[in-house]
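Engineer: Handing over work03.csv, CSV, C-alpha atoms.
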```csv
chain,number,residue,atom,x,y,z
L,1,MET,CA,0.0,0.0,0.0
L,2,LYS,CA,1.3,3.4,-0.9
L,3,ASP,CA,1.5,5.6,2.1
L,4,THR,CA,-0.7,8.6,1.7
L,5,GLN,CA,1.1,10.7,4.3
L,6,SER,CA,4.6,11.5,5.4
L,7,GLN,CA,6.1,9.2,8.1
L,8,ASP,CA,6.5,12.4,10.1
L,9,SER,CA,2.7,12.8,10.5
L,10,VAL,CA,1.4,12.2,14.0
L,11,ALA,CA,-0.4,9.0,14.9
L,12,HIS,CA,-3.9,10.4,15.1
L,13,GLU,CA,-3.6,12.0,11.7
L,14,ARG,CA,-2.4,8.7,10.2
L,15,LEU,CA,-5.3,6.7,11.7
L,16,ALA,CA,-7.8,9.4,10.7
L,17,SER,CA,-6.5,9.2,7.1
L,18,ARG,CA,-6.8,5.5,6.9
L,19,ALA,CA,-10.3,5.6,8.4
L,20,GLY,CA,-11.3,8.1,5.8
L,21,ILE,CA,-10.0,5.9,3.0
L,22,ILE,CA,-11.9,2.9,4.2
L,23,ARG,CA,-15.0,5.0,5.1
L,24,THR,CA,-15.2,6.3,1.5
L,25,ALA,CA,-14.8,2.9,0.0
L,26,LEU,CA,-17.5,1.4,2.3
L,27,LEU,CA,-19.8,4.2,1.5
L,28,ARG,CA,-19.5,3.7,-2.2
L,29,ALA,CA,-20.0,0.0,-1.8
L,30,GLU,CA,-23.1,0.4,0.3
L,31,LEU,CA,-24.6,3.0,-1.9
L,32,ALA,CA,-24.2,0.6,-4.8
L,33,SER,CA,-25.7,-2.3,-2.8
L,34,TRP,CA,-28.5,-0.4,-1.1
L,35,ALA,CA,-30.3,2.1,-3.3
L,36,PRO,CA,-32.8,4.2,-1.4
L,37,GLU,CA,-35.7,2.3,-2.9
L,38,SER,CA,-34.2,-1.2,-2.4
L,39,GLY,CA,-34.5,-3.5,0.5
L,40,LYS,CA,-33.7,-7.0,1.5
L,41,ALA,CA,-36.1,-9.7,0.3
L,42,LEU,CA,-36.7,-13.1,1.9
L,43,ARG,CA,-36.7,-16.3,-0.2
L,44,ARG,CA,-39.8,-18.5,-0.4
L,45,PHE,CA,-40.1,-21.8,1.5
L,46,THR,CA,-41.0,-25.3,0.2
L,47,SER,CA,-44.2,-27.0,1.4
L,48,ALA,CA,-42.0,-29.2,3.7
L,49,GLU,CA,-40.4,-26.1,5.3
L,50,ALA,CA,-43.8,-24.4,5.6
L,51,ALA,CA,-45.3,-27.5,7.3
L,52,TYR,CA,-42.3,-27.7,9.6
L,53,PHE,CA,-42.6,-24.1,10.8
L,54,LEU,CA,-46.4,-24.5,11.2
L,55,ASN,CA,-45.8,-27.8,13.1
L,56,ILE,CA,-48.3,-29.7,10.9
L,57,THR,CA,-47.8,-32.5,8.3
L,58,GLN,CA,-47.5,-31.8,4.6
L,59,GLY,CA,-50.6,-33.9,4.2
L,60,HIS,CA,-52.5,-31.6,6.5
L,61,LEU,CA,-51.2,-28.6,4.6
L,62,ARG,CA,-52.3,-30.1,1.3
L,63,ARG,CA,-55.8,-30.8,2.7
L,64,LEU,CA,-56.1,-27.2,3.8
L,65,HIS,CA,-55.5,-26.1,0.2
L,66,ALA,CA,-57.7,-28.9,-1.4
L,67,GLU,CA,-60.6,-28.0,0.9
L,68,GLU,CA,-60.0,-24.3,0.1
L,69,ARG,CA,-59.8,-23.4,3.8
L,70,ILE,CA,-56.8,-21.3,3.1
L,71,GLU,CA,-55.8,-19.2,0.0
L,72,ASP,CA,-53.6,-20.7,-2.6
L,73,VAL,CA,-50.0,-19.4,-2.7
L,74,ALA,CA,-49.0,-16.7,-5.1
L,75,GLU,CA,-46.1,-18.5,-6.7
L,76,ARG,CA,-45.1,-22.1,-7.7
L,77,VAL,CA,-41.8,-23.6,-8.7
L,78,ALA,CA,-41.9,-26.7,-11.0
L,79,ASN,CA,-45.7,-26.8,-10.3
L,80,ARG,CA,-45.0,-27.1,-6.6
L,81,ARG,CA,-46.2,-24.6,-4.0
L,82,VAL,CA,-43.7,-22.3,-2.5
L,83,TYR,CA,-44.6,-20.0,0.4
L,84,SER,CA,-43.6,-16.6,1.4
L,85,GLU,CA,-43.0,-16.0,5.1
L,86,ALA,CA,-46.1,-13.7,5.2
L,87,GLU,CA,-48.2,-16.5,3.7
L,88,ILE,CA,-46.9,-18.9,6.3
L,89,GLN,CA,-48.0,-16.5,9.0
L,90,ARG,CA,-51.5,-16.1,7.5
L,91,ILE,CA,-51.9,-19.9,7.6
L,92,ARG,CA,-50.7,-19.8,11.2
L,93,ALA,CA,-53.4,-17.3,12.0
L,94,TYR,CA,-56.0,-19.5,10.4
L,95,LEU,CA,-54.8,-22.6,12.3
L,96,GLU,CA,-54.8,-20.7,15.6
L,97,LYS,CA,-58.3,-19.4,15.0
L,98,ASN,CA,-59.6,-22.9,14.5
L,99,ALA,CA,-57.4,-24.6,17.1
L,100,LYS,CA,-59.0,-26.6,20.0
L,101,THR,CA,-56.3,-25.3,22.4
L,102,PRO,CA,-55.5,-21.5,22.3
L,103,GLY,CA,-51.8,-20.9,21.8
L,104,THR,CA,-51.2,-24.0,19.8
L,105,TYR,CA,-50.0,-22.0,16.7
L,106,LEU,CA,-49.6,-18.5,18.0
L,107,LYS,CA,-47.4,-19.2,21.0
L,108,GLY,CA,-46.6,-15.7,22.1
L,109,ARG,CA,-47.7,-13.7,25.1
L,110,ARG,CA,-51.1,-14.0,26.7
L,111,ASP,CA,-52.8,-11.7,29.1
L,112,GLY,CA,-50.6,-11.2,32.1
L,113,ASP,CA,-47.4,-12.4,30.4
L,114,LYS,CA,-44.5,-10.0,30.6
L,115,MET,CA,-42.7,-9.0,27.4
L,116,GLN,CA,-39.2,-10.6,27.5
L,117,VAL,CA,-36.2,-8.5,26.8
L,118,ILE,CA,-33.1,-10.6,26.2
L,119,ALA,CA,-29.6,-8.9,26.1
L,120,VAL,CA,-27.1,-11.0,24.1
L,121,SER,CA,-23.8,-10.0,25.5
L,122,ASN,CA,-20.1,-10.7,26.2
L,123,PHE,CA,-16.9,-8.8,26.7
L,124,LYS,CA,-15.1,-10.5,23.8
L,125,GLY,CA,-15.6,-9.8,20.2
L,126,GLY,CA,-16.1,-12.7,17.8
L,127,SER,CA,-18.2,-14.8,20.2
L,128,ALA,CA,-21.2,-14.8,17.7
L,129,LYS,CA,-23.4,-12.3,19.6
L,130,THR,CA,-24.7,-10.8,16.4
L,131,SER,CA,-25.2,-14.1,14.6
L,132,THR,CA,-27.0,-15.5,17.7
L,133,THR,CA,-29.3,-12.4,17.9
L,134,ALA,CA,-30.1,-12.6,14.2
L,135,HIS,CA,-30.8,-16.4,14.3
L,136,LEU,CA,-32.9,-16.1,17.4
L,137,ALA,CA,-34.9,-13.3,15.8
L,138,HIS,CA,-35.5,-15.1,12.5
L,139,GLY,CA,-36.2,-18.5,14.2
L,140,LEU,CA,-38.7,-17.1,16.7
L,141,GLY,CA,-40.2,-14.9,14.0
L,142,MET,CA,-40.8,-18.0,11.8
L,143,GLN,CA,-42.7,-19.5,14.7
L,144,GLY,CA,-45.0,-16.5,14.8
L,145,TYR,CA,-43.5,-14.6,17.8
L,146,ARG,CA,-43.6,-10.8,17.5
L,147,VAL,CA,-39.9,-9.9,17.7
L,148,LEU,CA,-38.2,-6.6,18.1
L,149,CYS,CA,-34.4,-6.6,17.4
L,150,ILE,CA,-32.3,-3.7,18.8
L,151,ASP,CA,-28.7,-3.1,17.5
L,152,ALA,CA,-26.9,-1.7,20.4
L,153,ASP,CA,-23.4,-1.9,18.8
L,154,PRO,CA,-22.2,1.3,17.1
L,155,GLN,CA,-20.5,-0.8,14.4
L,156,GLY,CA,-24.0,-1.7,13.2
L,157,SER,CA,-23.3,-5.3,12.2
L,158,LEU,CA,-26.9,-6.5,13.0
L,159,THR,CA,-28.2,-3.4,11.2
L,160,SER,CA,-26.3,-4.4,8.1
L,161,LEU,CA,-27.4,-8.1,8.4
L,162,PHE,CA,-31.0,-6.9,8.3
L,163,GLY,CA,-30.4,-5.0,5.0
L,164,PHE,CA,-29.9,-1.5,6.3
L,165,ALA,CA,-26.7,0.5,5.6
L,166,PRO,CA,-25.6,2.2,8.9
L,167,THR,CA,-22.9,4.3,7.2
L,168,ILE,CA,-25.4,6.1,5.0
L,169,PHE,CA,-28.0,6.9,7.6
L,170,ASP,CA,-28.8,10.6,7.7
L,171,ASP,CA,-30.7,12.7,10.2
L,172,SER,CA,-34.1,11.6,8.7
L,173,VAL,CA,-33.5,8.0,9.9
L,174,ALA,CA,-33.9,7.5,13.6
L,175,THR,CA,-31.6,5.0,15.3
L,176,LEU,CA,-31.1,3.7,18.8
L,177,TYR,CA,-29.0,6.8,19.6
L,178,ASP,CA,-32.0,9.0,18.9
L,179,VAL,CA,-34.1,6.8,21.4
L,180,VAL,CA,-31.6,7.2,24.3
L,181,ARG,CA,-29.9,10.6,23.6
L,182,TYR,CA,-30.0,13.3,26.3
L,183,ASP,CA,-30.8,16.3,24.1
L,184,GLY,CA,-34.3,15.4,23.0
L,185,ALA,CA,-34.9,11.7,22.5
L,186,VAL,CA,-37.4,10.6,19.9
L,187,HIS,CA,-40.3,8.2,20.8
L,188,ILE,CA,-39.1,4.7,20.3
L,189,GLU,CA,-41.7,4.0,17.5
L,190,GLU,CA,-40.0,6.6,15.3
L,191,ALA,CA,-36.9,4.4,15.3
L,192,ILE,CA,-38.6,1.0,14.6
L,193,GLN,CA,-38.0,-0.3,11.1
L,194,LYS,CA,-39.9,-3.0,9.3
L,195,THR,CA,-37.8,-5.9,8.1
L,196,HIS,CA,-38.2,-8.6,5.4
L,197,PHE,CA,-39.6,-10.8,8.1
L,198,SER,CA,-43.2,-9.8,8.8
L,199,SER,CA,-42.9,-10.8,12.4
L,200,VAL,CA,-39.6,-9.1,13.1
L,201,ASP,CA,-39.0,-5.4,13.5
L,202,MET,CA,-35.7,-3.7,14.4
L,203,ILE,CA,-34.1,-0.5,15.7
L,204,PRO,CA,-30.9,0.1,13.8
L,205,ALA,CA,-27.6,1.5,15.0
L,206,SER,CA,-25.0,3.7,13.5
L,207,LEU,CA,-21.6,5.0,14.6
L,208,GLN,CA,-23.3,8.0,16.2
L,209,LEU,CA,-24.4,5.7,19.1
L,210,ALA,CA,-20.8,5.8,20.3
L,211,GLU,CA,-21.6,9.4,21.4
L,212,PHE,CA,-23.7,8.0,24.2
L,213,GLU,CA,-20.5,6.8,25.9
L,214,HIS,CA,-19.1,10.3,25.9
L,215,GLU,CA,-22.3,12.2,26.7
L,216,THR,CA,-23.4,10.0,29.7
L,217,PRO,CA,-20.6,11.1,32.1
L,218,MET,CA,-21.4,14.7,31.4
L,219,ALA,CA,-25.1,14.1,31.9
L,220,LEU,CA,-24.3,12.4,35.2
L,221,ILE,CA,-22.3,15.4,36.4
L,222,ASN,CA,-24.2,18.3,34.9
L,223,GLY,CA,-27.7,16.8,34.4
L,224,ASN,CA,-29.6,16.0,31.2
L,225,PRO,CA,-29.6,18.8,28.5
L,226,ASP,CA,-33.3,18.1,27.9
L,227,GLY,CA,-34.1,18.9,31.6
L,228,THR,CA,-35.3,15.4,32.5
L,229,ASP,CA,-33.9,13.4,35.3
L,230,ILE,CA,-34.0,10.1,33.4
L,231,LYS,CA,-30.6,8.4,34.1
L,232,PHE,CA,-28.8,6.4,31.5
L,233,ASP,CA,-29.8,3.0,32.9
L,234,GLN,CA,-33.5,3.9,32.7
L,235,ARG,CA,-33.7,5.5,29.2
L,236,LEU,CA,-34.0,2.3,27.1
L,237,ARG,CA,-36.1,0.5,29.6
L,238,MET,CA,-38.7,3.3,29.8
L,239,GLN,CA,-38.9,3.6,26.0
L,240,LEU,CA,-39.5,-0.2,25.7
L,241,GLY,CA,-42.4,0.2,28.0
L,242,ALA,CA,-44.2,2.2,25.4
L,243,VAL,CA,-44.3,-0.7,22.9
L,244,GLU,CA,-44.8,-3.5,25.4
L,245,ASP,CA,-48.1,-4.5,23.9
L,246,LYS,CA,-46.7,-4.9,20.4
L,247,TYR,CA,-44.0,-7.6,21.0
L,248,ASP,CA,-43.5,-10.9,22.7
L,249,VAL,CA,-39.7,-10.7,22.8
L,250,VAL,CA,-37.1,-8.0,22.4
L,251,LEU,CA,-33.5,-9.1,21.5
L,252,ILE,CA,-30.6,-6.7,22.1
L,253,ASP,CA,-27.3,-7.2,20.3
L,254,CYS,CA,-24.8,-5.6,22.8
L,255,PRO,CA,-21.3,-4.3,21.8
L,256,PRO,CA,-18.2,-6.2,22.8
L,257,GLN,CA,-17.4,-3.8,25.6
L,258,LEU,CA,-18.9,-3.0,29.0
L,259,GLY,CA,-19.8,0.6,28.6
L,260,PHE,CA,-22.9,2.7,29.2
L,261,ILE,CA,-24.6,1.2,26.2
L,262,THR,CA,-24.2,-2.3,27.4
L,263,LEU,CA,-25.2,-1.4,30.9
L,264,SER,CA,-28.4,0.3,29.5
L,265,ALA,CA,-29.2,-3.0,27.7
L,266,LEU,CA,-28.6,-5.1,30.8
L,267,CYS,CA,-30.8,-2.8,32.9
L,268,ALA,CA,-33.6,-3.0,30.3
L,269,ALA,CA,-33.3,-6.8,30.1
L,270,THR,CA,-35.5,-9.3,31.7
L,271,GLY,CA,-32.9,-12.0,30.9
L,272,ILE,CA,-29.5,-12.3,29.4
L,273,ILE,CA,-27.7,-14.7,27.1
L,274,ILE,CA,-23.9,-14.7,27.4
L,275,THR,CA,-22.3,-16.2,24.3
L,276,VAL,CA,-19.0,-17.9,24.9
L,277,ILE,CA,-16.6,-20.0,22.7
L,278,PRO,CA,-15.6,-23.1,24.6
L,279,ALA,CA,-11.9,-22.2,24.7
L,280,MET,CA,-9.7,-21.2,27.7
L,281,LEU,CA,-8.9,-17.7,26.6
L,282,ASP,CA,-12.6,-17.0,25.9
L,283,ILE,CA,-13.7,-18.4,29.2
L,284,ALA,CA,-11.1,-16.3,31.0
L,285,SER,CA,-12.4,-13.2,29.2
L,286,MET,CA,-16.0,-14.1,30.1
L,287,GLU,CA,-15.0,-14.3,33.7
L,288,GLN,CA,-13.6,-10.8,33.6
L,289,PHE,CA,-16.8,-9.6,31.9
L,290,LEU,CA,-18.9,-11.2,34.6
L,291,THR,CA,-16.8,-9.7,37.4
L,292,MET,CA,-16.8,-6.2,35.9
L,293,ALA,CA,-20.5,-6.4,35.1
L,294,ALA,CA,-21.4,-7.5,38.6
L,295,GLY,CA,-19.5,-4.5,40.1
L,296,LEU,CA,-21.0,-2.0,37.7
L,297,LEU,CA,-24.5,-3.3,38.2
L,298,GLU,CA,-24.0,-3.2,42.0
L,299,SER,CA,-23.1,0.5,41.6
L,300,VAL,CA,-26.2,1.1,39.5
L,301,ALA,CA,-28.4,-0.7,42.1
L,302,MET,CA,-27.1,1.7,44.9
L,303,GLY,CA,-29.2,4.4,43.3
L,304,GLY,CA,-32.4,2.3,43.2
L,305,GLU,CA,-33.8,-1.2,43.3
L,306,PRO,CA,-31.4,-4.1,42.6
L,307,LEU,CA,-31.7,-5.5,39.1
L,308,ARG,CA,-33.4,-8.9,38.8
L,309,TRP,CA,-33.6,-11.1,35.7
L,310,ASP,CA,-35.9,-13.9,34.9
L,311,PHE,CA,-32.9,-15.9,33.6
L,312,GLU,CA,-29.2,-15.8,33.0
L,313,LYS,CA,-28.0,-18.3,30.5
L,314,PHE,CA,-24.7,-19.2,28.8
L,315,LEU,CA,-24.7,-20.2,25.2
L,316,LEU,CA,-21.8,-22.2,23.8
L,317,THR,CA,-21.0,-20.8,20.3
L,318,ARG,CA,-18.7,-21.9,17.5
L,319,PHE,CA,-18.8,-25.3,19.2
L,320,GLU,CA,-16.9,-28.1,17.3
L,321,PRO,CA,-18.4,-31.5,18.3
L,322,ASN,CA,-15.4,-33.5,17.0
L,323,ASP,CA,-12.8,-31.3,18.6
L,324,GLY,CA,-11.4,-32.6,21.9
L,325,PRO,CA,-10.4,-29.3,23.5
L,326,SER,CA,-13.8,-27.8,22.5
L,327,GLN,CA,-15.6,-30.7,24.2
L,328,GLN,CA,-13.4,-30.5,27.3
L,329,MET,CA,-14.0,-26.8,27.8
L,330,ALA,CA,-17.7,-27.3,27.2
L,331,ALA,CA,-17.8,-30.0,29.8
L,332,PHE,CA,-15.8,-27.8,32.2
L,333,LEU,CA,-18.4,-25.0,31.9
L,334,ARG,CA,-21.3,-27.4,32.4
L,335,SER,CA,-19.6,-28.9,35.5
L,336,LYS,CA,-19.2,-25.5,37.1
L,337,LEU,CA,-22.4,-23.7,35.9
L,338,GLY,CA,-24.8,-26.6,35.5
L,339,GLU,CA,-28.2,-25.8,34.0
L,340,ASP,CA,-27.1,-22.2,33.5
L,341,VAL,CA,-25.4,-23.4,30.3
L,342,LEU,CA,-28.0,-23.9,27.6
L,343,LEU,CA,-28.3,-27.6,26.7
L,344,HIS,CA,-27.8,-27.2,23.0
L,345,PRO,CA,-24.7,-25.3,21.6
L,346,PHE,CA,-24.5,-23.2,18.5
L,347,VAL,CA,-22.4,-25.6,16.4
L,348,LYS,CA,-19.7,-24.1,14.1
L,349,SER,CA,-20.8,-24.7,10.6
L,350,THR,CA,-19.6,-23.8,7.1
L,351,ALA,CA,-23.2,-23.2,6.1
L,352,VAL,CA,-23.7,-20.6,8.8
L,353,GLY,CA,-20.3,-19.1,8.0
L,354,ASP,CA,-21.0,-18.9,4.2
L,355,ALA,CA,-24.4,-17.4,4.8
L,356,SER,CA,-23.0,-14.7,7.0
L,357,MET,CA,-20.6,-13.8,4.2
L,358,THR,CA,-23.6,-12.6,2.3
L,359,LYS,CA,-25.2,-11.1,5.4
L,360,GLN,CA,-27.8,-13.9,5.7
L,361,SER,CA,-28.9,-16.3,8.4
L,362,ILE,CA,-29.5,-20.0,7.9
L,363,TYR,CA,-33.2,-19.2,7.4
L,364,GLU,CA,-32.5,-16.9,4.5
L,365,VAL,CA,-30.4,-19.2,2.4
L,366,ALA,CA,-31.9,-22.1,0.5
L,367,ARG,CA,-31.0,-25.8,1.2
L,368,GLY,CA,-30.1,-26.3,-2.4
L,369,ASP,CA,-27.3,-23.7,-2.2
L,370,PHE,CA,-25.3,-26.1,0.0
L,371,HIS,CA,-24.5,-29.7,0.4
L,372,ARG,CA,-27.7,-31.0,1.9
L,373,GLN,CA,-26.1,-32.7,4.9
L,374,THR,CA,-24.1,-29.6,5.7
L,375,TYR,CA,-27.2,-27.4,5.5
L,376,ASP,CA,-29.3,-29.9,7.5
L,377,ARG,CA,-26.7,-30.1,10.3
L,378,ALA,CA,-26.5,-26.3,10.5
L,379,PHE,CA,-30.2,-25.8,10.4
L,380,ALA,CA,-30.8,-28.5,13.1
L,381,SER,CA,-28.2,-26.9,15.4
L,382,VAL,CA,-29.7,-23.4,15.0
L,383,GLU,CA,-33.2,-24.7,15.5
L,384,LEU,CA,-32.3,-26.5,18.7
L,385,VAL,CA,-30.8,-23.3,20.1
L,386,VAL,CA,-34.0,-21.4,19.1
L,387,ARG,CA,-36.2,-24.0,20.6
L,388,THR,CA,-34.2,-24.0,23.8
L,389,VAL,CA,-34.5,-20.3,24.2
L,390,GLU,CA,-38.2,-20.5,23.3
L,391,ASN,CA,-38.7,-23.0,26.1
L,392,GLU,CA,-37.0,-20.6,28.5
L,393,LEU,CA,-39.6,-18.0,27.5
L,394,ARG,CA,-42.4,-20.5,28.0
L,395,ARG,CA,-40.9,-21.3,31.5
L,396,VAL,CA,-41.0,-17.7,32.5
L,397,TRP,CA,-44.6,-17.5,31.2
L,398,GLY,CA,-45.6,-20.5,33.2
L,399,ARG,CA,-46.1,-23.0,30.3
L,400,GLU,CA,-44.9,-26.5,29.6
L,401,ALA,CA,-41.8,-26.9,27.5
L,402,LEU,CA,-42.2,-27.8,23.8
L,403,GLU,CA,-40.8,-31.0,22.4
L,404,MET,CA,-37.3,-30.5,20.9
L,405,THR,CA,-37.8,-31.2,17.2
L,406,HIS,CA,-35.9,-29.8,14.3
L,407,GLY,CA,-35.5,-30.2,10.5
L,408,ALA,CA,-37.9,-29.7,7.7
```
I need this file expressed as structure tokens, please.

Structural biologist:
Amino acid sequence: MKDTQSQDSVAHERLASRAGIIRTALLRAELASWAPESGKALRRFTSAEAAYFLNITQGHLRRLHAEERIEDVAERVANRRVYSEAEIQRIRAYLEKNAKTPGTYLKGRRDGDKMQVIAVSNFKGGSAKTSTTAHLAHGLGMQGYRVLCIDADPQGSLTSLFGFAPTIFDDSVATLYDVVRYDGAVHIEEAIQKTHFSSVDMIPASLQLAEFEHETPMALINGNPDGTDIKFDQRLRMQLGAVEDKYDVVLIDCPPQLGFITLSALCAATGIIITVIPAMLDIASMEQFLTMAAGLLESVAMGGEPLRWDFEKFLLTRFEPNDGPSQQMAAFLRSKLGEDVLLHPFVKSTAVGDASMTKQSIYEVARGDFHRQTYDRAFASVELVVRTVENELRRVWGREALEMTHGA
């Protein structure tokens, strides 16, 4: 690479120059990829996949069509029905309307159930927080849960994965920063964006969110510029209260650091999932995260009520079933933390990795794009994680656990 500056230039100037070069290149790429009128589109699903997500047999699905109890689908491939996600959700609504037991097909909150807010967090980058958040959102959304995703990382990785370009947001697009800012926050609904999943909405993030880390200490010392007395740890939680009737579950993708943004997410959460790679360095880093988080949350609690979660769970990510050290570290964590470690890990998979290269989850890519066994293993692993978290939600809501099935 040809140096664009003299070696005599100071460090911050050199870093700023290189950041500018990369920023310009990314901006051009994203402008080319995301025209203002474009958006991410979701593939269609086979009848086998549709039946799986609806938890009915393909024969039952065919009878519903034959008896004209549901509308026919808009498209066919090789004279076979293929279903949009929205069509699957409409069939789900019909099935629920005619179900003998309420909640059989629409399994979300009932009267008296508390909206669950799950913070996906860890100190260490690369522990699959964003991938976990996205797959949980897509998986729960495909099951008919009303999901709100919040990108709390200024890098905006989850935002990009959902098809939005964080680097080209302007003042007309509200982000999480606008929801929690101290100089005139917007109502949370102004920041909620529809996604290509009809059951999943999101609040995007941009680099501007990093300003929250700098503004919070000044607000603590000098008071909020907007004249309110809402502290940093209350701002997101109070805003979420305004949309509580619209969602079953909120998923927050936290940044890989323990700053005011992460603390805000933890204080808004009803439960947390800590992602951890089963390796010694990652476990050591997680221990530091837990120790620091405990101390900071204790300090926050001194100004009010202690924070209580409905659950705290550890999710093993990038798990390699055939790798001895990976198995040993997983066994070590389970021996020390017991049932706090979710039963099913997020298995490392080339299918998930390849999908992420194109900013997609395993639900967005088609089985035919991969070796079938590779795809099936990845899909089964993700579905088991989603079902495990779903059962945690059901436990909090006082319901029986669902049978752990997977695979279309």

Engineer: If you measure from atom CA of Gly259 of chain L to atom CA of Ala185 of chain L, what distance in Å do you get, rounded to one decimal?

Structural biologist: 19.7 Å

Engineer: List every residue of segment 256-303 of chain L that has an atom at most 7 Å from any atom of segment 315-336 of chain L, giving for each one its closest atom pair and the distance in Å to one decimal, counting all atoms listed in the file, sorted by chain and then by ascending residue number, as JSON lines.

Structural biologist:
```
{"residue": "L:Ile273", "atom": "CA", "partner": "L:Leu315", "partner_atom": "CA", "distance": 6.5}
{"residue": "L:Ile274", "atom": "CA", "partner": "L:Leu315", "partner_atom": "CA", "distance": 6.0}
{"residue": "L:Thr275", "atom": "CA", "partner": "L:Leu315", "partner_atom": "CA", "distance": 4.8}
{"residue": "L:Val276", "atom": "CA", "partner": "L:Leu316", "partner_atom": "CA", "distance": 5.2}
{"residue": "L:Ile277", "atom": "CA", "partner": "L:Thr317", "partner_atom": "CA", "distance": 5.1}
{"residue": "L:Pro278", "atom": "CA", "partner": "L:Met329", "partner_atom": "CA", "distance": 5.1}
{"residue": "L:Ala279", "atom": "CA", "partner": "L:Met329", "partner_atom": "CA", "distance": 5.9}
```

Engineer: So that I can see what lies close to Thr104 of chain L, please list as a list in words the residues with an atom at most 9 Å from it, counting all atoms listed in the file and leaving out residues fewer than 5 positions away in the same chain.

Structural biologist: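 Residues near the query, excluding close chain neighbours: Leu95, Glu96 and Ala99 of chain L.
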
Engineer: So how many Å separate atom CA of Ala78 of chain L and atom CA of Gln58 of chain L, to one decimal?

Structural biologist: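 These two atoms are separated by 17.3 Å.
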
Engineer: Considering all atoms listed in the file, can you say which of L:Thr133, L:Ser17, L:Gln193, L:Ser264 comes closest to Val250 of chain L?

Structural biologist: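 For Val250 of chain L, the nearest of the given residues is L:Thr133.
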
Engineer: Quick one: distance from atom CA of Arg76 of chain L to atom CA of Asp354 of chain L in Å, one decimal?

Structural biologist: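 Separation between atom CA of Arg76 of chain L and atom CA of Asp354 of chain L: 27.1 Å.
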
Engineer: Measuring atom to atom with only C-alpha atoms, identify which of L:Ile261, L:Leu240, L:Ile203, L:Cys254 is nearest to Thr216 of chain L.

Structural biologist: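 Comparing L:Ile261, L:Leu240, L:Ile203, L:Cys254 against Thr216 of chain L, the winner is L:Ile261.
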
Engineer: Could I get segment 172-182 of chain L rebuilt with N, CA, C and O atoms, written as a JSON list (two decimals), in the coordinates of the input?

Structural biologist:
```json
[["chain", "number", "residue", "atom", "x", "y", "z"],
["L", 172, "SER", "N", -32.65, 11.91, 8.85],
["L", 172, "SER", "CA", -34.10, 11.60, 8.70],
["L", 172, "SER", "C", -34.35, 10.13, 9.14],
["L", 172, "SER", "O", -35.51, 9.75, 9.25],
["L", 173, "VAL", "N", -33.31, 9.34, 9.41],
["L", 173, "VAL", "CA", -33.50, 8.00, 9.90],
["L", 173, "VAL", "C", -33.13, 7.90, 11.35],
["L", 173, "VAL", "O", -32.00, 8.12, 11.74],
["L", 174, "ALA", "N", -34.12, 7.61, 12.17],
["L", 174, "ALA", "CA", -33.90, 7.50, 13.60],
["L", 174, "ALA", "C", -33.25, 6.18, 13.95],
["L", 174, "ALA", "O", -33.62, 5.14, 13.39],
["L", 175, "THR", "N", -32.29, 6.20, 14.85],
["L", 175, "THR", "CA", -31.60, 5.00, 15.30],
["L", 175, "THR", "C", -31.69, 4.88, 16.80],
["L", 175, "THR", "O", -32.33, 5.71, 17.46],
["L", 176, "LEU", "N", -31.02, 3.88, 17.36],
["L", 176, "LEU", "CA", -31.10, 3.70, 18.80],
["L", 176, "LEU", "C", -30.51, 4.93, 19.53],
["L", 176, "LEU", "O", -31.00, 5.28, 20.60],
["L", 177, "TYR", "N", -29.53, 5.59, 18.93],
["L", 177, "TYR", "CA", -29.00, 6.80, 19.60],
["L", 177, "TYR", "C", -30.07, 7.83, 19.79],
["L", 177, "TYR", "O", -30.14, 8.48, 20.84],
["L", 178, "ASP", "N", -30.96, 7.99, 18.81],
["L", 178, "ASP", "CA", -32.00, 9.00, 18.90],
["L", 178, "ASP", "C", -33.03, 8.59, 20.03],
["L", 178, "ASP", "O", -33.69, 9.46, 20.60],
["L", 179, "VAL", "N", -33.13, 7.31, 20.32],
["L", 179, "VAL", "CA", -34.10, 6.80, 21.40],
["L", 179, "VAL", "C", -33.53, 7.13, 22.75],
["L", 179, "VAL", "O", -34.30, 7.40, 23.67],
["L", 180, "VAL", "N", -32.19, 7.09, 22.92],
["L", 180, "VAL", "CA", -31.60, 7.20, 24.30],
["L", 180, "VAL", "C", -30.86, 8.54, 24.48],
["L", 180, "VAL", "O", -30.40, 8.80, 25.59],
["L", 181, "ARG", "N", -30.76, 9.37, 23.48],
["L", 181, "ARG", "CA", -29.90, 10.60, 23.60],
["L", 181, "ARG", "C", -30.51, 11.53, 24.66],
["L", 181, "ARG", "O", -31.69, 11.49, 25.00],
["L", 182, "TYR", "N", -29.65, 12.42, 25.15],
["L", 182, "TYR", "CA", -30.00, 13.30, 26.30],
["L", 182, "TYR", "C", -30.56, 14.64, 25.84],
["L", 182, "TYR", "O", -31.12, 15.37, 26.66]]
```
